[in-house]
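S.K.: My structure is in coords-v1.csv, and what it holds is CSV, C-alpha atoms and all ligand atoms:
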chain,number,residue,atom,x,y,z
A,1,MET,CA,-28.5,50.1,-232.4
A,2,LYS,CA,-29.0,53.8,-232.0
A,3,ILE,CA,-26.5,55.9,-233.9
A,4,PRO,CA,-26.1,59.4,-232.5
A,5,PHE,CA,-27.4,61.9,-235.1
A,6,LEU,CA,-24.2,63.9,-235.6
A,7,ILE,CA,-22.2,60.7,-236.3
A,8,LEU,CA,-24.9,59.6,-238.7
A,9,ALA,CA,-24.9,62.9,-240.6
A,10,LEU,CA,-21.1,62.6,-240.9
A,11,LEU,CA,-21.3,59.1,-242.2
A,12,VAL,CA,-23.9,60.2,-244.7
A,13,SER,CA,-21.9,63.2,-245.8
A,14,VAL,CA,-18.7,61.1,-246.5
A,15,GLY,CA,-20.8,58.6,-248.3
A,16,LEU,CA,-20.3,55.6,-245.9
A,17,ILE,CA,-24.1,55.3,-245.5
A,18,GLY,CA,-25.6,55.2,-248.9
A,19,LEU,CA,-29.0,54.7,-250.5
A,20,ALA,CA,-30.8,53.2,-247.6
A,21,GLN,CA,-31.0,56.7,-246.1
A,22,ALA,CA,-33.8,58.9,-247.2
A,23,VAL,CA,-33.6,62.6,-247.1
A,24,PRO,CA,-30.2,64.0,-248.0
A,25,PRO,CA,-30.1,65.5,-251.5
A,26,GLY,CA,-31.0,62.9,-254.1
A,27,LEU,CA,-32.9,60.7,-251.8
A,28,SER,CA,-36.5,60.6,-250.7
A,29,VAL,CA,-39.0,59.2,-248.1
A,30,GLU,CA,-42.3,57.7,-249.1
A,31,PHE,CA,-45.4,57.8,-246.9
A,32,ALA,CA,-48.2,55.5,-247.9
A,33,PRO,CA,-51.4,56.4,-246.0
A,34,GLU,CA,-54.3,53.9,-246.3
A,35,ASP,CA,-57.0,56.3,-247.3
A,36,GLU,CA,-55.1,58.9,-249.4
A,37,GLY,CA,-52.5,59.0,-252.2
A,38,VAL,CA,-48.9,58.2,-251.5
A,39,VAL,CA,-46.7,61.2,-250.5
A,40,THR,CA,-43.1,61.3,-251.7
A,41,PHE,CA,-40.9,63.7,-249.7
A,42,SER,CA,-37.9,64.8,-251.7
A,43,GLY,CA,-34.6,65.5,-250.0
A,44,THR,CA,-33.3,67.2,-253.1
A,45,SER,CA,-36.1,69.7,-253.5
A,46,HIS,CA,-35.9,70.7,-249.8
A,47,TYR,CA,-32.1,71.0,-250.0
A,48,GLU,CA,-32.6,73.2,-253.0
A,49,ALA,CA,-35.1,75.3,-251.1
A,50,GLY,CA,-32.3,76.0,-248.6
A,51,MET,CA,-33.0,73.5,-245.9
A,52,ARG,CA,-30.3,71.8,-244.0
A,53,CYS,CA,-30.4,68.7,-241.7
A,54,SER,CA,-31.0,70.8,-238.7
A,55,SER,CA,-34.1,72.5,-240.3
A,56,CYS,CA,-36.0,69.3,-239.6
A,57,HIS,CA,-33.8,67.0,-237.4
A,58,MET,CA,-34.3,66.7,-234.4
A,59,SER,CA,-36.9,69.4,-234.0
A,60,VAL,CA,-39.6,68.4,-236.5
A,61,PHE,CA,-38.7,64.8,-237.4
A,62,ASP,CA,-36.6,62.1,-235.7
A,63,VAL,CA,-34.0,60.5,-237.9
A,64,SER,CA,-36.1,57.3,-238.4
A,65,ARG,CA,-39.3,56.3,-240.0
A,66,SER,CA,-41.4,56.9,-237.0
A,67,ALA,CA,-43.6,59.9,-237.7
A,68,ARG,CA,-47.4,59.2,-237.5
A,69,ILE,CA,-49.0,62.0,-239.4
A,70,SER,CA,-52.8,62.3,-239.2
A,71,PHE,CA,-55.3,64.3,-241.1
A,72,GLY,CA,-55.8,66.5,-238.0
A,73,ASP,CA,-52.0,67.3,-238.1
A,74,HIS,CA,-52.7,69.0,-241.5
A,75,ARG,CA,-54.3,71.9,-239.6
A,76,SER,CA,-51.6,72.1,-237.0
A,77,ASP,CA,-48.0,73.3,-237.0
A,78,GLN,CA,-46.6,69.8,-236.6
A,79,PHE,CA,-44.5,67.8,-239.0
A,80,CYS,CA,-44.7,69.1,-242.6
A,81,PHE,CA,-47.3,71.7,-241.7
A,82,GLY,CA,-45.0,73.9,-239.6
A,83,CYS,CA,-43.5,75.0,-242.9
A,84,HIS,CA,-46.4,74.1,-245.3
A,85,ASP,CA,-48.6,76.8,-243.8
A,86,GLY,CA,-49.1,79.0,-246.9
A,87,GLU,CA,-46.4,81.4,-245.9
A,88,LYS,CA,-43.0,79.6,-245.5
A,89,ALA,CA,-44.1,77.1,-248.1
A,90,PHE,CA,-47.3,76.2,-250.0
A,91,GLY,CA,-50.2,75.4,-247.6
A,92,VAL,CA,-52.6,72.5,-247.4
A,93,ARG,CA,-55.8,74.1,-248.8
A,94,ARG,CA,-56.4,73.2,-252.4
A,95,ASN,CA,-52.9,71.8,-252.5
A,96,CYS,CA,-53.6,68.1,-251.7
A,97,GLY,CA,-52.1,67.1,-255.0
A,98,ASN,CA,-48.8,68.9,-254.4
A,99,CYS,CA,-48.1,66.1,-251.8
A,100,HIS,CA,-50.5,63.3,-252.4
A,101,GLU,CA,-50.4,61.3,-255.7
A,102,GLY,CA,-53.7,61.7,-257.5
A,103,GLY,CA,-55.0,64.0,-254.7
A,201,LIG,C1,-47.3,69.3,-247.3
A,201,LIG,C2,-47.7,68.0,-247.8
A,201,LIG,C3,-49.2,67.6,-247.7
A,201,LIG,C4,-50.3,68.3,-248.1
A,201,LIG,C5,-50.3,69.6,-248.9
A,201,LIG,C6,-51.4,67.4,-247.8
A,201,LIG,N1,-51.0,66.3,-247.2
A,201,LIG,FE1,-52.2,64.8,-246.5
A,201,LIG,N2,-50.6,63.8,-245.7
A,201,LIG,C7,-49.3,64.2,-245.8
A,201,LIG,C8,-48.4,63.3,-245.2
A,201,LIG,C9,-46.9,63.4,-245.1
A,201,LIG,C10,-49.3,62.3,-244.6
A,201,LIG,C11,-48.9,61.1,-243.8
A,201,LIG,C12,-49.0,59.8,-244.6
A,201,LIG,C13,-48.5,58.6,-243.7
A,201,LIG,O1,-47.9,58.8,-242.7
A,201,LIG,O2,-48.9,57.5,-244.1
A,201,LIG,C14,-50.6,62.7,-245.0
A,201,LIG,C15,-51.8,61.9,-244.6
A,201,LIG,C16,-53.1,62.2,-245.0
A,201,LIG,C17,-54.2,61.4,-244.7
A,201,LIG,C18,-54.2,60.1,-244.0
A,201,LIG,C19,-54.3,60.3,-242.5
A,201,LIG,C20,-54.3,59.0,-241.8
A,201,LIG,O3,-54.6,59.1,-240.6
A,201,LIG,O4,-54.0,58.0,-242.3
A,201,LIG,C21,-55.3,62.0,-245.3
A,201,LIG,C22,-56.8,61.6,-245.3
A,201,LIG,C23,-54.8,63.2,-246.0
A,201,LIG,N3,-53.4,63.3,-245.8
A,201,LIG,C24,-55.6,64.1,-246.7
A,201,LIG,C25,-55.1,65.3,-247.3
A,201,LIG,C26,-56.0,66.2,-247.9
A,201,LIG,C27,-57.5,66.0,-248.1
A,201,LIG,C28,-55.2,67.3,-248.3
A,201,LIG,C29,-55.6,68.6,-249.0
A,201,LIG,C30,-56.7,69.3,-248.3
A,201,LIG,C31,-53.8,66.9,-247.9
A,201,LIG,N4,-53.8,65.7,-247.3
A,201,LIG,C32,-52.7,67.8,-248.1
A,201,LIG,C33,-48.9,65.4,-246.5
A,201,LIG,C34,-49.6,66.3,-247.1
A,202,LIG,C1,-37.4,69.4,-244.8
A,202,LIG,C2,-37.2,68.4,-243.7
A,202,LIG,C3,-36.0,67.5,-243.7
A,202,LIG,C4,-34.7,67.9,-243.9
A,202,LIG,C5,-34.1,69.3,-244.2
A,202,LIG,C6,-33.9,66.7,-243.7
A,202,LIG,N1,-34.7,65.6,-243.4
A,202,LIG,FE1,-34.1,63.8,-242.9
A,202,LIG,N2,-36.1,63.2,-242.7
A,202,LIG,C7,-37.2,64.0,-243.0
A,202,LIG,C8,-38.4,63.2,-242.9
A,202,LIG,C9,-39.8,63.8,-243.1
A,202,LIG,C10,-38.0,61.9,-242.6
A,202,LIG,C11,-38.9,60.7,-242.4
A,202,LIG,C12,-39.4,60.8,-241.0
A,202,LIG,C13,-40.3,59.8,-240.5
A,202,LIG,O1,-40.8,59.0,-241.4
A,202,LIG,O2,-40.6,59.7,-239.3
A,202,LIG,C14,-36.5,61.9,-242.5
A,202,LIG,C15,-35.7,60.8,-242.3
A,202,LIG,C16,-34.4,60.8,-242.3
A,202,LIG,C17,-33.6,59.6,-242.1
A,202,LIG,C18,-34.1,58.2,-241.8
A,202,LIG,C19,-34.5,57.6,-243.2
A,202,LIG,C20,-34.9,56.1,-243.1
A,202,LIG,O3,-35.4,55.7,-244.1
A,202,LIG,O4,-34.8,55.5,-242.0
A,202,LIG,C21,-32.3,60.0,-242.2
A,202,LIG,C22,-31.0,59.1,-242.0
A,202,LIG,C23,-32.2,61.4,-242.4
A,202,LIG,N3,-33.5,61.9,-242.5
A,202,LIG,C24,-31.1,62.2,-242.6
A,202,LIG,C25,-31.1,63.5,-243.0
A,202,LIG,C26,-29.9,64.2,-243.2
A,202,LIG,C27,-28.4,63.7,-243.0
A,202,LIG,C28,-30.3,65.5,-243.6
A,202,LIG,C29,-29.4,66.7,-244.0
A,202,LIG,C30,-28.6,66.4,-245.2
A,202,LIG,C31,-31.7,65.5,-243.6
A,202,LIG,N4,-32.2,64.3,-243.2
A,202,LIG,C32,-32.5,66.6,-243.8
A,202,LIG,C33,-37.1,65.4,-243.2
A,202,LIG,C34,-36.0,66.1,-243.4
A,203,LIG,C1,-38.5,73.1,-242.5
A,203,LIG,C2,-39.6,73.4,-243.4
A,203,LIG,C3,-40.2,72.3,-244.2
A,203,LIG,C4,-40.7,71.1,-243.8
A,203,LIG,C5,-40.7,70.6,-242.4
A,203,LIG,C6,-41.3,70.5,-244.9
A,203,LIG,N1,-41.2,71.2,-246.0
A,203,LIG,FE1,-41.8,70.8,-247.9
A,203,LIG,N2,-41.0,72.5,-248.6
A,203,LIG,C7,-40.4,73.5,-247.8
A,203,LIG,C8,-40.1,74.6,-248.7
A,203,LIG,C9,-39.5,76.0,-248.2
A,203,LIG,C10,-40.4,74.3,-250.0
A,203,LIG,C11,-40.2,75.1,-251.3
A,203,LIG,C12,-41.2,76.2,-251.4
A,203,LIG,C13,-42.6,75.8,-251.8
A,203,LIG,O1,-42.7,74.8,-252.7
A,203,LIG,O2,-43.6,76.3,-251.3
A,203,LIG,C14,-41.0,72.9,-249.9
A,203,LIG,C15,-41.4,72.2,-251.0
A,203,LIG,C16,-42.1,71.0,-251.0
A,203,LIG,C17,-42.7,70.3,-252.1
A,203,LIG,C18,-42.6,70.8,-253.6
A,203,LIG,C19,-41.3,70.3,-254.2
A,203,LIG,C20,-41.4,68.9,-254.5
A,203,LIG,O3,-40.6,68.1,-253.8
A,203,LIG,O4,-42.2,68.4,-255.3
A,203,LIG,C21,-43.3,69.2,-251.6
A,203,LIG,C22,-44.1,68.2,-252.4
A,203,LIG,C23,-43.1,69.2,-250.2
A,203,LIG,N3,-42.4,70.3,-249.8
A,203,LIG,C24,-43.6,68.2,-249.3
A,203,LIG,C25,-43.3,68.1,-248.0
A,203,LIG,C26,-43.7,67.0,-247.1
A,203,LIG,C27,-44.5,65.8,-247.5
A,203,LIG,C28,-43.2,67.3,-245.9
A,203,LIG,C29,-43.3,66.5,-244.6
A,203,LIG,C30,-43.0,65.1,-244.7
A,203,LIG,C31,-42.5,68.6,-245.9
A,203,LIG,N4,-42.6,69.0,-247.2
A,203,LIG,C32,-41.9,69.2,-244.9
A,203,LIG,C33,-40.3,73.5,-246.5
A,203,LIG,C34,-40.5,72.4,-245.6
Here is the file; what I need is its structure written in the form of structure tokens.

M.R.:
Amino acid sequence: MKIPFLILALLVSVGLIGLAQAVPPGLSVEFAPEDEGVVTFSGTSHYEAGMRCSSCHMSVFDVSRSARISFGDHRSDQFCFGCHDGEKAFGVRRNCGNCHEGG
């Protein structure tokens, strides 16, 4: 079943959809690449940095666990790296460990 995003956001905001969801404040999404440390994306820290749902959905990320992020994307303006460019937010160079566990 595909739930339209606005309805989903509403359900999340009134608490009908709970912990299964990932990114609203308090929740997180984990990425586990095969050849690099786990990345934990925190909804809370992005909320506190002033982001709202529309900062990422539907422009940067779908509301699903479907993103396929490659190492090549790290040098593009796709996914995380549209913001994590060293200006809007910390960039990739020398900051592997900010995102990747043990990196
Ligand atoms: C802003 C956060 C962020 C930073 C900084 C970052 N990465 Fe990543 N990286 C990710 C995410 C998210 C993925 C996707 C993981 C997945 O989908 O399994 C990823 C995936 C990878 C992958 C796996 C790609 C694949 O095809 O499986 C490698 C290798 C990698 N990163 C290396 C690095 C290195 C080296 C650095 C530092 C130079 C770095 N990353 C910095 C977020 C980041
Ligand atoms: C800074 C970026 C960002 C913001 C802001 C953001 N999200 Fe997300 N959201 C993500 C990422 C990254 C994913 C995982 C995407 C993927 O794996 O393809 C995600 C996934 C989701 C999912 C699917 C989770 C799952 O496990 O299936 C939902 C639901 C969601 N977001 C709702 C929201 C709502 C509601 C808001 C506003 C309160 C919000 N998001 C704000 C980045 C963001
Ligand atoms: C819409 C812009 C935007 C997107 C997209 C985005 N971020 Fe961020 N992120 C920020 C800002 C702004 C901050 C706070 C400033 C800083 O730390 O440089 C931040 C902070 C962080 C932090 C430090 C705080 C913490 O949670 O430990 C991490 C780690 C991080 N982001 C990872 C990611 C990953 C991984 C992705 C992709 C899955 C991502 N971000 C996508 C804007 C974004």

S.K.: Select, from A:Gln78, A:Ser64, A:Ser54, A:Asn95, the residue with the minimum atom-to-atom distance to A:Val29, counting only C-alpha atoms.

M.R.: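 Among the listed residues, the smallest separation from A:Val29 belongs to A:Ser64.
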
S.K.: Could you report the residues within 8 Å of ligand LIG 201 (chain A), using only C-alpha atoms and all ligand atoms, as a ChimeraX atom specification?

M.R.: /A:31-41,67-72,74,79-81,84,90-100,103

S.K.: Can you write out the residues you just picked, keeping C-alpha atoms, as a JSON list (two decimals), in the coordinates of the input?

M.R.:
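Okay, part10.json is ready:
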[["chain", "number", "residue", "atom", "x", "y", "z"],
["A", 31, "PHE", "CA", -45.40, 57.80, -246.90],
["A", 32, "ALA", "CA", -48.20, 55.50, -247.90],
["A", 33, "PRO", "CA", -51.40, 56.40, -246.00],
["A", 34, "GLU", "CA", -54.30, 53.90, -246.30],
["A", 35, "ASP", "CA", -57.00, 56.30, -247.30],
["A", 36, "GLU", "CA", -55.10, 58.90, -249.40],
["A", 37, "GLY", "CA", -52.50, 59.00, -252.20],
["A", 38, "VAL", "CA", -48.90, 58.20, -251.50],
["A", 39, "VAL", "CA", -46.70, 61.20, -250.50],
["A", 40, "THR", "CA", -43.10, 61.30, -251.70],
["A", 41, "PHE", "CA", -40.90, 63.70, -249.70],
["A", 67, "ALA", "CA", -43.60, 59.90, -237.70],
["A", 68, "ARG", "CA", -47.40, 59.20, -237.50],
["A", 69, "ILE", "CA", -49.00, 62.00, -239.40],
["A", 70, "SER", "CA", -52.80, 62.30, -239.20],
["A", 71, "PHE", "CA", -55.30, 64.30, -241.10],
["A", 72, "GLY", "CA", -55.80, 66.50, -238.00],
["A", 74, "HIS", "CA", -52.70, 69.00, -241.50],
["A", 79, "PHE", "CA", -44.50, 67.80, -239.00],
["A", 80, "CYS", "CA", -44.70, 69.10, -242.60],
["A", 81, "PHE", "CA", -47.30, 71.70, -241.70],
["A", 84, "HIS", "CA", -46.40, 74.10, -245.30],
["A", 90, "PHE", "CA", -47.30, 76.20, -250.00],
["A", 91, "GLY", "CA", -50.20, 75.40, -247.60],
["A", 92, "VAL", "CA", -52.60, 72.50, -247.40],
["A", 93, "ARG", "CA", -55.80, 74.10, -248.80],
["A", 94, "ARG", "CA", -56.40, 73.20, -252.40],
["A", 95, "ASN", "CA", -52.90, 71.80, -252.50],
["A", 96, "CYS", "CA", -53.60, 68.10, -251.70],
["A", 97, "GLY", "CA", -52.10, 67.10, -255.00],
["A", 98, "ASN", "CA", -48.80, 68.90, -254.40],
["A", 99, "CYS", "CA", -48.10, 66.10, -251.80],
["A", 100, "HIS", "CA", -50.50, 63.30, -252.40],
["A", 103, "GLY", "CA", -55.00, 64.00, -254.70]]

S.K.: For each of A:Glu48, A:Arg75, A:Pro24, A:Ser55, take the minimum atom-to-atom distance to ligand LIG 203 (chain A), counting only C-alpha atoms and all ligand atoms, then give the residue where this is smallest.

M.R.: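 Under the stated criterion, the closest residue is A:Ser55.
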
S.K.: Between atom CA of A:Gly26 and atom CA of A:Gly86, measure the distance and give it in Å to one decimal.

M.R.: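 Atom-to-atom, atom CA of A:Gly26 to atom CA of A:Gly86, that is 25.3 Å.
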
S.K.: Using only C-alpha atoms and all ligand atoms for the distances, tell me which of A:Asp62, A:Asp73, A:Gly43, A:Gly102 is nearest to ligand LIG 203 (chain A).

M.R.: A:Gly43
